[in-house]
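The block underneath contains the structure these notes are about, expressed in C-alpha cells.
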Protein chains: 2
Amino acid sequence: MVRNYPEISVCNAQCPSRQVLDLIADKWTAIVIYCLSKGTKRYSELQREIGGISQKMLTQTLRSLERDGIVSRMVYPVVPPMVEYSLTPLGETLIEPLCQLCKWAETHIPEVEAARNRYDRKLL
Amino acid sequence: MVRNYPEISVCNAQCPSRQVLDLIADKWTAIVIYCLSKGTKRYSELQREIGGISQKMLTQTLRSLERDGIVSRMVYPVVPPMVEYSLTPLGETLIEPLCQLCKWAETHIPEVEAARNRYDRKLL
DNA sequence: CTGTATCCTGTAGGATACTG
DNA sequence: CAGTATCCTACAGGATACAG
C-alpha cells in the first residue's frame, strides 16, 4: 500500500516526518540512541552511562523507541532478570545523522558559550 | 582561555554539549534552522512556511538561536518594519547534520509507521 | 535487576489581544 | 510587519515507593 502525502517536508505540519522529528526532539532519545550505537547494552548499563536519567524516563524512552522499530528489546528468562537493548537495522540508519549532531554539540561548545556571553552582556 | 571539561560526551550530565543538544531538542528549533538553510527569510515568510508555529514560539525560537550565535537578525529601519533572519557561519555548520536528520525523518516515515502499527497490534 | 505506579512541579507552548 | 504581554493547559519529567 502506498500512501499519498500532500507534501513531504518537515515544514508541513501535516507531514508525518514531523512526528518522527518530534520523537527525537525530547530530552533523552538522542542520547539513548547515541549510547546504543556503541553496542548492545543492558538496562542498568544504560542507566549508569547516561548521567542524570531517571528510571522512568529511561524506560519510557526505550519503550517509545521500541514501538518505532528503532530499538529491540531482548529478555532473557533468568533470575534476576536480564534485558538487553540494541539498535534494529532501522535504528542503525539513525546513527550517522544523530552522531553527527552529537559531535557538533561536542565540538562547538566554546563557540556557543562565547556567543551567549556576548549576547547576554549586550542586554545590560 | 581554554576551559577544562571533566569529560566531553553527551552521556555526561555535566558536559555543556548537553545544553547544546537540549537547545535542538525542542519542537521548533530544528525546523526553523532547516527553513533558514534555504536562505535569508523575513519573519512573516518563516511564519508562513512553517506550518503550525505560533508567533510566540517563532519569536522565542529565533531569539534563542540568535543568543547562541546560530542565527543573525537584521533590522531595516523602514515603515512598516522589516526584519531578516539568516544563519551565521556557525549556524551554517549545523545545516549538514540537521538536514541529514530531517532527510532521515522524511525518508523513513513508512518504516516507523509500520513498526508502530505492528507494536500496537501486539499489545491487544 | 528491571521494571511499574503515584504523586508532584515546572514549563513548553497554544490562543488571544494589543502595540510601535 | 514584527513583534510583546497575558492567560491558560497539557504534559514532560523528577522523586519516591513498591513489585516480580
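Going by the C-alpha cells order, chains are called A, B, ..., each with residues numbered from 1, while ligands are numbered from 1 in the order shown.
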
Would you tabulate, counting only C-alpha atoms (C1' of nucleotides), all residues of chain B that have an atom at most 10 Å from an atom of chain D, showing the closest pair of atoms and their distance in Å to one decimal, sorted by chain then ascending number, as a tab-separated table?
residue	atom	partner	partner_atom	distance
B:Arg42	CA	D:DA2	C1'	9.5
B:Tyr43	CA	D:DA2	C1'	7.0
B:Ser44	CA	D:DC1	C1'	7.7
B:Gln55	CA	D:DG3	C1'	8.2
B:Lys56	CA	D:DG3	C1'	8.9
B:Thr59	CA	D:DG3	C1'	7.8
B:Val79	CA	D:DC1	C1'	8.3
B:Pro80	CA	D:DC1	C1'	5.5
B:Pro81	CA	D:DC1	C1'	5.3
B:Met82	CA	D:DC1	C1'	6.5
B:Val83	CA	D:DA2	C1'	7.4

Contact check, chain A to chain B, at most 8 Å, counting only C-alpha atoms, closest pairs as JSON lines:
{"residue": "A:Ile8", "atom": "CA", "partner": "B:Glu106", "partner_atom": "CA", "distance": 6.4}
{"residue": "A:Ser9", "atom": "CA", "partner": "B:Glu106", "partner_atom": "CA", "distance": 6.7}
{"residue": "A:Val10", "atom": "CA", "partner": "B:Ile31", "partner_atom": "CA", "distance": 6.6}
{"residue": "A:Cys11", "atom": "CA", "partner": "B:Ile50", "partner_atom": "CA", "distance": 4.8}
{"residue": "A:Asn12", "atom": "CA", "partner": "B:Gly51", "partner_atom": "CA", "distance": 5.3}
{"residue": "A:Ala13", "atom": "CA", "partner": "B:Gly51", "partner_atom": "CA", "distance": 4.8}
{"residue": "A:Pro16", "atom": "CA", "partner": "B:Ile109", "partner_atom": "CA", "distance": 6.5}
{"residue": "A:Ser17", "atom": "CA", "partner": "B:Ala105", "partner_atom": "CA", "distance": 4.9}
{"residue": "A:Arg18", "atom": "CA", "partner": "B:Ala105", "partner_atom": "CA", "distance": 7.6}
{"residue": "A:Val20", "atom": "CA", "partner": "B:Ala105", "partner_atom": "CA", "distance": 5.6}
{"residue": "A:Leu21", "atom": "CA", "partner": "B:Ala105", "partner_atom": "CA", "distance": 6.2}
{"residue": "A:Asp22", "atom": "CA", "partner": "B:Lys27", "partner_atom": "CA", "distance": 6.4}
{"residue": "A:Ile24", "atom": "CA", "partner": "B:Ala25", "partner_atom": "CA", "distance": 7.2}
{"residue": "A:Ala25", "atom": "CA", "partner": "B:Ala25", "partner_atom": "CA", "distance": 4.2}
{"residue": "A:Asp26", "atom": "CA", "partner": "B:Ala25", "partner_atom": "CA", "distance": 5.3}
{"residue": "A:Lys27", "atom": "CA", "partner": "B:Ala25", "partner_atom": "CA", "distance": 6.3}
{"residue": "A:Ile31", "atom": "CA", "partner": "B:Cys11", "partner_atom": "CA", "distance": 6.5}
{"residue": "A:Cys35", "atom": "CA", "partner": "B:Cys11", "partner_atom": "CA", "distance": 7.4}
{"residue": "A:Glu49", "atom": "CA", "partner": "B:Cys11", "partner_atom": "CA", "distance": 6.4}
{"residue": "A:Ile50", "atom": "CA", "partner": "B:Cys11", "partner_atom": "CA", "distance": 4.8}
{"residue": "A:Gly51", "atom": "CA", "partner": "B:Ala13", "partner_atom": "CA", "distance": 4.8}
{"residue": "A:Gly52", "atom": "CA", "partner": "B:Ala13", "partner_atom": "CA", "distance": 5.9}
{"residue": "A:Arg67", "atom": "CA", "partner": "B:Arg116", "partner_atom": "CA", "distance": 5.3}
{"residue": "A:Asp68", "atom": "CA", "partner": "B:Val112", "partner_atom": "CA", "distance": 5.1}
{"residue": "A:Gly69", "atom": "CA", "partner": "B:Ala115", "partner_atom": "CA", "distance": 5.1}
{"residue": "A:Leu90", "atom": "CA", "partner": "B:Glu111", "partner_atom": "CA", "distance": 7.9}
{"residue": "A:Leu94", "atom": "CA", "partner": "B:Trp104", "partner_atom": "CA", "distance": 7.3}
{"residue": "A:Pro97", "atom": "CA", "partner": "B:Leu101", "partner_atom": "CA", "distance": 5.4}
{"residue": "A:Leu98", "atom": "CA", "partner": "B:Leu101", "partner_atom": "CA", "distance": 6.9}
{"residue": "A:Gln100", "atom": "CA", "partner": "B:Pro97", "partner_atom": "CA", "distance": 5.5}
{"residue": "A:Leu101", "atom": "CA", "partner": "B:Pro97", "partner_atom": "CA", "distance": 5.4}
{"residue": "A:Cys102", "atom": "CA", "partner": "B:Val10", "partner_atom": "CA", "distance": 6.8}
{"residue": "A:Trp104", "atom": "CA", "partner": "B:Leu94", "partner_atom": "CA", "distance": 7.4}
{"residue": "A:Ala105", "atom": "CA", "partner": "B:Ser17", "partner_atom": "CA", "distance": 4.9}
{"residue": "A:Glu106", "atom": "CA", "partner": "B:Ser17", "partner_atom": "CA", "distance": 5.0}
{"residue": "A:Ile109", "atom": "CA", "partner": "B:Ser17", "partner_atom": "CA", "distance": 6.1}
{"residue": "A:Glu111", "atom": "CA", "partner": "B:Gly69", "partner_atom": "CA", "distance": 7.8}
{"residue": "A:Val112", "atom": "CA", "partner": "B:Asp68", "partner_atom": "CA", "distance": 5.2}
{"residue": "A:Glu113", "atom": "CA", "partner": "B:Asp68", "partner_atom": "CA", "distance": 7.2}
{"residue": "A:Ala115", "atom": "CA", "partner": "B:Gly69", "partner_atom": "CA", "distance": 5.1}
{"residue": "A:Arg116", "atom": "CA", "partner": "B:Asp68", "partner_atom": "CA", "distance": 5.3}
{"residue": "A:Tyr119", "atom": "CA", "partner": "B:Arg67", "partner_atom": "CA", "distance": 5.5}
{"residue": "A:Asp120", "atom": "CA", "partner": "B:Arg67", "partner_atom": "CA", "distance": 7.7}

Selected residues written out, C-alpha atoms, as a PDB file, in the first residue's frame:
ATOM      1  CA  ILE A   8       6.848  15.550   2.243  1.00  0.00           C
ATOM      2  CA  SER A   9       8.570  18.252   4.228  1.00  0.00           C
ATOM      3  CA  VAL A  10       9.261  18.950   7.873  1.00  0.00           C
ATOM      4  CA  CYS A  11       7.874  22.406   7.238  1.00  0.00           C
ATOM      5  CA  ASN A  12       4.479  20.913   6.570  1.00  0.00           C
ATOM      6  CA  ALA A  13       2.552  20.419   9.800  1.00  0.00           C
ATOM      7  CA  PRO A  16       4.399  12.569   9.342  1.00  0.00           C
ATOM      8  CA  SER A  17       8.057  13.464   9.276  1.00  0.00           C
ATOM      9  CA  ARG A  18       7.088  15.985  11.909  1.00  0.00           C
ATOM     10  CA  VAL A  20       9.366  11.447  13.587  1.00  0.00           C
ATOM     11  CA  LEU A  21      11.212  14.639  14.334  1.00  0.00           C
ATOM     12  CA  ASP A  22       9.097  15.148  17.433  1.00  0.00           C
ATOM     13  CA  ILE A  24      13.865  12.855  18.506  1.00  0.00           C
ATOM     14  CA  ALA A  25      13.028  16.206  19.997  1.00  0.00           C
ATOM     15  CA  ASP A  26      12.890  15.252  23.631  1.00  0.00           C
ATOM     16  CA  LYS A  27      15.461  15.318  26.334  1.00  0.00           C
ATOM     17  CA  ILE A  31      21.390  10.356  23.959  1.00  0.00           C
ATOM     18  CA  CYS A  35      24.700   5.250  23.703  1.00  0.00           C
ATOM     19  CA  GLU A  49      26.282   5.523  31.454  1.00  0.00           C
ATOM     20  CA  ILE A  50      23.659   8.176  30.867  1.00  0.00           C
ATOM     21  CA  GLY A  51      24.212  10.684  33.610  1.00  0.00           C
ATOM     22  CA  GLY A  52      21.100  12.115  35.197  1.00  0.00           C
ATOM     23  CA  ARG A  67       7.490   0.984  19.334  1.00  0.00           C
ATOM     24  CA  ASP A  68       9.045   2.924  16.495  1.00  0.00           C
ATOM     25  CA  GLY A  69      11.154  -0.030  15.495  1.00  0.00           C
ATOM     26  CA  LEU A  90      16.329   0.784  11.050  1.00  0.00           C
ATOM     27  CA  LEU A  94      19.888   6.782  12.507  1.00  0.00           C
ATOM     28  CA  PRO A  97      22.895  11.676  11.330  1.00  0.00           C
ATOM     29  CA  LEU A  98      22.497  11.546  15.081  1.00  0.00           C
ATOM     30  CA  GLN A 100      26.983  13.974  13.606  1.00  0.00           C
ATOM     31  CA  LEU A 101      24.660  16.094  15.658  1.00  0.00           C
ATOM     32  CA  CYS A 102      26.221  14.944  18.926  1.00  0.00           C
ATOM     33  CA  TRP A 104      28.556  19.012  16.507  1.00  0.00           C
ATOM     34  CA  ALA A 105      27.358  19.653  20.035  1.00  0.00           C
ATOM     35  CA  GLU A 106      30.621  18.414  21.488  1.00  0.00           C
ATOM     36  CA  ILE A 109      30.538  24.173  22.781  1.00  0.00           C
ATOM     37  CA  GLU A 111      31.578  28.999  20.203  1.00  0.00           C
ATOM     38  CA  VAL A 112      28.061  28.741  21.531  1.00  0.00           C
ATOM     39  CA  GLU A 113      29.145  29.661  25.035  1.00  0.00           C
ATOM     40  CA  ALA A 115      28.037  33.779  21.680  1.00  0.00           C
ATOM     41  CA  ARG A 116      25.809  33.504  24.719  1.00  0.00           C
ATOM     42  CA  TYR A 119      24.577  38.332  23.780  1.00  0.00           C
ATOM     43  CA  ASP A 120      23.909  38.487  27.498  1.00  0.00           C
TER      44      ASP A 120
END

Could you do a least-squares fit of chain A on chain B over every C-alpha atom, in sequence order, and give the output as a compact mmCIF listing (two decimals) with N, CA and C atoms, in the first residue's frame?
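Resulting contents of part_36.txt:
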# COMPACT_ATOMS: atom_id res chain seq x y z
N MET A 1 41.47 31.74 26.60
CA MET A 1 41.20 30.93 27.80
C MET A 1 40.70 29.54 27.40
N VAL A 2 41.33 28.57 27.96
CA VAL A 2 40.90 27.22 27.67
C VAL A 2 40.26 26.61 28.91
N ARG A 3 39.01 26.21 28.78
CA ARG A 3 38.37 25.56 29.92
C ARG A 3 38.66 24.08 29.91
N ASN A 4 38.63 23.53 31.08
CA ASN A 4 38.92 22.12 31.19
C ASN A 4 37.65 21.36 31.55
N TYR A 5 37.16 20.56 30.63
CA TYR A 5 35.94 19.82 30.91
C TYR A 5 36.29 18.44 31.46
N PRO A 6 35.49 17.97 32.40
CA PRO A 6 35.74 16.65 32.99
C PRO A 6 35.76 15.57 31.91
N GLU A 7 34.71 15.57 31.09
CA GLU A 7 34.69 14.63 29.98
C GLU A 7 33.74 15.13 28.92
N ILE A 8 34.23 15.24 27.71
CA ILE A 8 33.38 15.72 26.62
C ILE A 8 32.57 14.56 26.07
N SER A 9 31.33 14.48 26.47
CA SER A 9 30.45 13.45 25.95
C SER A 9 29.01 13.78 26.30
N VAL A 10 28.11 13.56 25.33
CA VAL A 10 26.71 13.84 25.62
C VAL A 10 26.18 12.96 26.74
N CYS A 11 26.87 11.86 27.00
CA CYS A 11 26.42 10.98 28.07
C CYS A 11 26.69 11.57 29.44
N ASN A 12 27.61 12.51 29.49
CA ASN A 12 27.96 13.14 30.75
C ASN A 12 27.04 14.32 31.05
N ALA A 13 26.32 14.23 32.14
CA ALA A 13 25.33 15.26 32.47
C ALA A 13 25.97 16.62 32.65
N GLN A 14 27.23 16.65 33.06
CA GLN A 14 27.89 17.93 33.31
C GLN A 14 28.46 18.55 32.04
N CYS A 15 28.50 17.80 30.98
CA CYS A 15 29.10 18.31 29.75
C CYS A 15 28.18 19.32 29.07
N PRO A 16 28.74 20.46 28.72
CA PRO A 16 27.94 21.51 28.08
C PRO A 16 27.32 21.08 26.76
N SER A 17 27.84 20.02 26.19
CA SER A 17 27.24 19.56 24.94
C SER A 17 25.79 19.16 25.17
N ARG A 18 25.50 18.79 26.39
CA ARG A 18 24.11 18.50 26.76
C ARG A 18 23.24 19.73 26.55
N GLN A 19 23.74 20.87 26.98
CA GLN A 19 22.98 22.11 26.81
C GLN A 19 22.74 22.40 25.34
N VAL A 20 23.77 22.16 24.55
CA VAL A 20 23.63 22.40 23.12
C VAL A 20 22.59 21.45 22.54
N LEU A 21 22.66 20.21 22.97
CA LEU A 21 21.70 19.24 22.48
C LEU A 21 20.29 19.59 22.94
N ASP A 22 20.20 20.06 24.18
CA ASP A 22 18.90 20.48 24.71
C ASP A 22 18.29 21.56 23.83
N LEU A 23 19.16 22.41 23.33
CA LEU A 23 18.67 23.50 22.51
C LEU A 23 17.98 22.99 21.26
N ILE A 24 18.55 21.99 20.67
CA ILE A 24 17.97 21.40 19.47
C ILE A 24 16.71 20.63 19.82
N ALA A 25 16.68 20.12 21.05
CA ALA A 25 15.64 19.18 21.42
C ALA A 25 14.33 19.84 21.83
N ASP A 26 13.87 20.80 21.06
CA ASP A 26 12.53 21.29 21.31
C ASP A 26 11.74 21.16 20.01
N LYS A 27 10.54 21.64 20.07
CA LYS A 27 9.62 21.34 18.97
C LYS A 27 9.97 22.05 17.66
N TRP A 28 10.57 23.23 17.74
CA TRP A 28 10.67 24.06 16.54
C TRP A 28 12.07 24.34 16.03
N THR A 29 13.06 24.30 16.90
CA THR A 29 14.41 24.74 16.53
C THR A 29 14.92 24.10 15.25
N ALA A 30 14.84 22.79 15.19
CA ALA A 30 15.37 22.09 14.03
C ALA A 30 14.67 22.56 12.75
N ILE A 31 13.38 22.73 12.84
CA ILE A 31 12.61 23.12 11.67
C ILE A 31 12.96 24.53 11.21
N VAL A 32 13.14 25.43 12.18
CA VAL A 32 13.50 26.80 11.83
C VAL A 32 14.85 26.84 11.12
N ILE A 33 15.82 26.14 11.67
CA ILE A 33 17.14 26.11 11.05
C ILE A 33 17.05 25.51 9.65
N TYR A 34 16.33 24.43 9.55
CA TYR A 34 16.11 23.78 8.26
C TYR A 34 15.57 24.77 7.24
N CYS A 35 14.62 25.56 7.70
CA CYS A 35 13.99 26.55 6.83
C CYS A 35 14.99 27.63 6.41
N LEU A 36 15.78 28.10 7.35
CA LEU A 36 16.75 29.16 7.06
C LEU A 36 17.92 28.65 6.23
N SER A 37 18.08 27.35 6.22
CA SER A 37 19.19 26.79 5.43
C SER A 37 18.96 27.03 3.95
N LYS A 38 17.73 27.32 3.60
CA LYS A 38 17.42 27.59 2.19
C LYS A 38 17.55 29.06 1.85
N GLY A 39 18.10 29.83 2.80
CA GLY A 39 18.35 31.23 2.51
C GLY A 39 17.72 32.19 3.51
N THR A 40 18.12 33.44 3.41
CA THR A 40 17.59 34.49 4.28
C THR A 40 16.08 34.60 4.14
N LYS A 41 15.43 34.77 5.29
CA LYS A 41 13.97 34.85 5.28
C LYS A 41 13.48 35.95 6.21
N ARG A 42 12.38 36.55 5.84
CA ARG A 42 11.74 37.51 6.73
C ARG A 42 10.89 36.77 7.76
N TYR A 43 10.59 37.51 8.82
CA TYR A 43 9.79 36.94 9.89
C TYR A 43 8.50 36.32 9.36
N SER A 44 7.80 37.08 8.57
CA SER A 44 6.50 36.61 8.07
C SER A 44 6.65 35.43 7.11
N GLU A 45 7.74 35.42 6.38
CA GLU A 45 7.99 34.27 5.49
C GLU A 45 8.14 32.99 6.30
N LEU A 46 8.93 33.09 7.36
CA LEU A 46 9.14 31.93 8.22
C LEU A 46 7.80 31.44 8.78
N GLN A 47 7.02 32.40 9.23
CA GLN A 47 5.74 32.03 9.83
C GLN A 47 4.84 31.33 8.82
N ARG A 48 4.90 31.82 7.59
CA ARG A 48 4.06 31.24 6.56
C ARG A 48 4.54 29.84 6.18
N GLU A 49 5.85 29.69 6.08
CA GLU A 49 6.39 28.42 5.60
C GLU A 49 6.35 27.30 6.64
N ILE A 50 6.48 27.69 7.91
CA ILE A 50 6.47 26.67 8.95
C ILE A 50 5.06 26.48 9.46
N GLY A 51 4.45 25.43 9.00
CA GLY A 51 3.04 25.19 9.33
C GLY A 51 2.83 24.94 10.81
N GLY A 52 1.92 25.70 11.42
CA GLY A 52 1.52 25.41 12.78
C GLY A 52 2.26 26.15 13.87
N ILE A 53 3.29 26.90 13.52
CA ILE A 53 4.04 27.60 14.56
C ILE A 53 3.31 28.88 14.97
N SER A 54 3.33 29.16 16.27
CA SER A 54 2.70 30.38 16.76
C SER A 54 3.71 31.52 16.75
N GLN A 55 3.21 32.75 16.78
CA GLN A 55 4.12 33.90 16.82
C GLN A 55 5.06 33.78 18.00
N LYS A 56 4.48 33.46 19.13
CA LYS A 56 5.28 33.38 20.35
C LYS A 56 6.45 32.43 20.19
N MET A 57 6.16 31.25 19.68
CA MET A 57 7.19 30.23 19.55
C MET A 57 8.22 30.59 18.48
N LEU A 58 7.75 31.20 17.39
CA LEU A 58 8.69 31.61 16.36
C LEU A 58 9.67 32.64 16.91
N THR A 59 9.15 33.67 17.53
CA THR A 59 10.00 34.71 18.12
C THR A 59 10.95 34.11 19.14
N GLN A 60 10.40 33.31 20.02
CA GLN A 60 11.20 32.72 21.10
C GLN A 60 12.33 31.85 20.54
N THR A 61 12.00 31.05 19.55
CA THR A 61 13.00 30.18 18.94
C THR A 61 14.09 30.99 18.25
N LEU A 62 13.68 32.02 17.54
CA LEU A 62 14.65 32.87 16.84
C LEU A 62 15.56 33.60 17.82
N ARG A 63 14.99 34.11 18.91
CA ARG A 63 15.81 34.79 19.91
C ARG A 63 16.85 33.84 20.50
N SER A 64 16.39 32.67 20.81
CA SER A 64 17.27 31.69 21.41
C SER A 64 18.42 31.33 20.46
N LEU A 65 18.09 31.17 19.19
CA LEU A 65 19.10 30.85 18.20
C LEU A 65 20.05 32.02 17.99
N GLU A 66 19.51 33.22 18.11
CA GLU A 66 20.35 34.41 17.97
C GLU A 66 21.34 34.47 19.13
N ARG A 67 20.85 34.21 20.31
CA ARG A 67 21.70 34.21 21.50
C ARG A 67 22.84 33.22 21.37
N ASP A 68 22.55 32.10 20.77
CA ASP A 68 23.57 31.05 20.63
C ASP A 68 24.48 31.27 19.43
N GLY A 69 24.26 32.38 18.74
CA GLY A 69 25.14 32.69 17.62
C GLY A 69 24.90 31.85 16.40
N ILE A 70 23.72 31.30 16.29
CA ILE A 70 23.41 30.43 15.17
C ILE A 70 22.61 31.17 14.10
N VAL A 71 21.86 32.15 14.55
CA VAL A 71 21.05 32.95 13.62
C VAL A 71 21.39 34.42 13.82
N SER A 72 21.45 35.16 12.71
CA SER A 72 21.63 36.60 12.87
C SER A 72 20.38 37.34 12.42
N ARG A 73 20.16 38.46 13.07
CA ARG A 73 18.92 39.21 12.90
C ARG A 73 19.26 40.58 12.34
N MET A 74 18.68 40.89 11.18
CA MET A 74 18.98 42.14 10.50
C MET A 74 17.72 42.98 10.46
N VAL A 75 17.78 44.13 11.14
CA VAL A 75 16.61 45.00 11.20
C VAL A 75 16.78 46.18 10.25
N TYR A 76 15.84 46.37 9.35
CA TYR A 76 15.89 47.52 8.46
C TYR A 76 14.96 48.60 8.99
N PRO A 77 15.49 49.81 9.16
CA PRO A 77 14.70 50.89 9.77
C PRO A 77 13.73 51.49 8.77
N VAL A 78 12.71 50.76 8.47
CA VAL A 78 11.70 51.23 7.52
C VAL A 78 10.32 51.06 8.15
N VAL A 79 9.35 51.68 7.53
CA VAL A 79 7.98 51.51 7.98
C VAL A 79 7.14 51.00 6.81
N PRO A 80 6.46 49.88 6.99
CA PRO A 80 6.43 49.05 8.20
C PRO A 80 7.72 48.28 8.38
N PRO A 81 7.99 47.84 9.59
CA PRO A 81 9.26 47.18 9.94
C PRO A 81 9.57 46.01 9.03
N MET A 82 10.86 45.79 8.83
CA MET A 82 11.28 44.63 8.05
C MET A 82 12.49 44.02 8.74
N VAL A 83 12.39 42.74 9.04
CA VAL A 83 13.47 42.04 9.74
C VAL A 83 13.81 40.77 8.98
N GLU A 84 15.10 40.63 8.71
CA GLU A 84 15.54 39.44 7.99
C GLU A 84 16.37 38.53 8.90
N TYR A 85 16.13 37.26 8.79
CA TYR A 85 16.88 36.28 9.56
C TYR A 85 17.72 35.41 8.63
N SER A 86 18.93 35.13 9.07
CA SER A 86 19.76 34.21 8.29
C SER A 86 20.68 33.44 9.22
N LEU A 87 21.27 32.40 8.70
CA LEU A 87 22.21 31.63 9.50
C LEU A 87 23.55 32.32 9.55
N THR A 88 24.21 32.28 10.70
CA THR A 88 25.59 32.75 10.82
C THR A 88 26.51 31.67 10.28
N PRO A 89 27.79 31.97 10.15
CA PRO A 89 28.74 30.92 9.75
C PRO A 89 28.66 29.71 10.68
N LEU A 90 28.56 29.98 11.98
CA LEU A 90 28.39 28.88 12.93
C LEU A 90 27.12 28.09 12.63
N GLY A 91 26.07 28.83 12.34
CA GLY A 91 24.80 28.19 12.02
C GLY A 91 24.89 27.32 10.77
N GLU A 92 25.69 27.78 9.81
CA GLU A 92 25.84 27.02 8.57
C GLU A 92 26.41 25.63 8.83
N THR A 93 27.28 25.56 9.82
CA THR A 93 27.90 24.25 10.11
C THR A 93 26.88 23.26 10.67
N LEU A 94 25.73 23.80 11.09
CA LEU A 94 24.70 22.93 11.63
C LEU A 94 23.82 22.34 10.52
N ILE A 95 23.86 22.96 9.36
CA ILE A 95 22.96 22.55 8.29
C ILE A 95 23.11 21.07 7.96
N GLU A 96 24.33 20.66 7.73
CA GLU A 96 24.51 19.29 7.27
C GLU A 96 23.97 18.24 8.24
N PRO A 97 24.44 18.25 9.49
CA PRO A 97 23.89 17.25 10.41
C PRO A 97 22.38 17.34 10.57
N LEU A 98 21.88 18.58 10.61
CA LEU A 98 20.46 18.74 10.83
C LEU A 98 19.64 18.30 9.61
N CYS A 99 20.11 18.66 8.45
CA CYS A 99 19.38 18.28 7.24
C CYS A 99 19.38 16.77 7.07
N GLN A 100 20.47 16.16 7.45
CA GLN A 100 20.50 14.70 7.39
C GLN A 100 19.42 14.10 8.27
N LEU A 101 19.24 14.71 9.42
CA LEU A 101 18.22 14.22 10.33
C LEU A 101 16.82 14.42 9.74
N CYS A 102 16.59 15.60 9.17
CA CYS A 102 15.29 15.85 8.55
C CYS A 102 15.06 14.91 7.38
N LYS A 103 16.09 14.71 6.60
CA LYS A 103 15.98 13.78 5.48
C LYS A 103 15.63 12.38 5.99
N TRP A 104 16.29 12.00 7.07
CA TRP A 104 16.00 10.70 7.66
C TRP A 104 14.52 10.61 8.03
N ALA A 105 14.04 11.66 8.68
CA ALA A 105 12.64 11.68 9.09
C ALA A 105 11.73 11.55 7.87
N GLU A 106 12.07 12.29 6.82
CA GLU A 106 11.22 12.26 5.63
C GLU A 106 11.30 10.92 4.90
N THR A 107 12.47 10.31 4.97
CA THR A 107 12.67 9.06 4.24
C THR A 107 12.09 7.84 4.94
N HIS A 108 12.16 7.83 6.26
CA HIS A 108 11.82 6.60 6.98
C HIS A 108 10.43 6.60 7.60
N ILE A 109 9.61 7.54 7.17
CA ILE A 109 8.24 7.60 7.67
C ILE A 109 7.52 6.25 7.59
N PRO A 110 7.52 5.62 6.40
CA PRO A 110 6.74 4.39 6.28
C PRO A 110 7.21 3.29 7.22
N GLU A 111 8.51 3.15 7.37
CA GLU A 111 9.04 2.12 8.26
C GLU A 111 8.62 2.35 9.70
N VAL A 112 8.71 3.58 10.13
CA VAL A 112 8.33 3.88 11.51
C VAL A 112 6.84 3.66 11.72
N GLU A 113 6.06 4.10 10.76
CA GLU A 113 4.60 3.90 10.88
C GLU A 113 4.26 2.41 10.92
N ALA A 114 4.92 1.65 10.09
CA ALA A 114 4.68 0.20 10.07
C ALA A 114 5.04 -0.42 11.41
N ALA A 115 6.20 -0.02 11.94
CA ALA A 115 6.64 -0.54 13.23
C ALA A 115 5.63 -0.19 14.33
N ARG A 116 5.13 0.99 14.30
CA ARG A 116 4.16 1.41 15.30
C ARG A 116 2.90 0.57 15.22
N ASN A 117 2.41 0.36 14.01
CA ASN A 117 1.21 -0.46 13.85
C ASN A 117 1.43 -1.87 14.36
N ARG A 118 2.58 -2.43 14.02
CA ARG A 118 2.91 -3.76 14.49
C ARG A 118 2.90 -3.82 16.01
N TYR A 119 3.59 -2.87 16.61
CA TYR A 119 3.71 -2.82 18.06
C TYR A 119 2.35 -2.67 18.73
N ASP A 120 1.55 -1.76 18.22
CA ASP A 120 0.25 -1.50 18.83
C ASP A 120 -0.67 -2.70 18.68
N ARG A 121 -0.56 -3.40 17.58
CA ARG A 121 -1.42 -4.57 17.38
C ARG A 121 -1.07 -5.68 18.37
N LYS A 122 0.22 -5.80 18.64
CA LYS A 122 0.67 -6.83 19.58
C LYS A 122 0.12 -6.61 20.97
N LEU A 123 -0.09 -5.38 21.33
CA LEU A 123 -0.51 -5.07 22.69
C LEU A 123 -1.95 -5.47 22.96
N LEU A 124 -2.73 -5.73 21.93
CA LEU A 124 -4.15 -6.07 22.12
C LEU A 124 -4.34 -7.47 22.67

Closest pair table for chain C residues within 9 Å of chain B, only C-alpha atoms (C1' of nucleotides), as a Markdown table:
| residue | atom | partner | partner_atom | distance |
| --- | --- | --- | --- | --- |
| C:DA12 | C1' | B:Asp26 | CA | 8.7 |
| C:DG13 | C1' | B:Met57 | CA | 7.0 |
| C:DG14 | C1' | B:Ser54 | CA | 7.3 |

Strand (DSSP E) residues, from DSSP on the backbone, in range 37-111 of chain A, as a compact mmCIF listing (two decimals) with C-alpha atoms, in the first residue's frame:
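Now in part14.txt:
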# COMPACT_ATOMS: atom_id res chain seq x y z
CA LYS A 41 23.59 -2.64 26.47
CA ARG A 42 21.70 -3.84 29.49
CA VAL A 71 15.39 -0.34 19.34
CA SER A 72 14.89 -4.02 20.01
CA ARG A 73 14.41 -5.50 23.43
CA MET A 74 15.75 -8.93 24.31
CA VAL A 75 14.52 -10.50 27.52
CA TYR A 76 16.41 -13.45 28.98
CA MET A 82 18.31 -9.59 32.35
CA VAL A 83 17.23 -7.39 29.45
CA GLU A 84 19.41 -6.30 26.58
CA TYR A 85 18.73 -3.38 24.30
CA SER A 86 20.19 -2.86 20.87
CA LEU A 87 19.52 -0.90 17.72

Next on the checklist: I need the residues of range 6-113 of chain B that end up classed as helix (DSSP H, G or I) by DSSP on the backbone, written out as a VMD selection string.
Outcome noted: chain B and resid 17 to 24 29 to 36 43 to 49 55 to 67 89 to 107 109 to 113
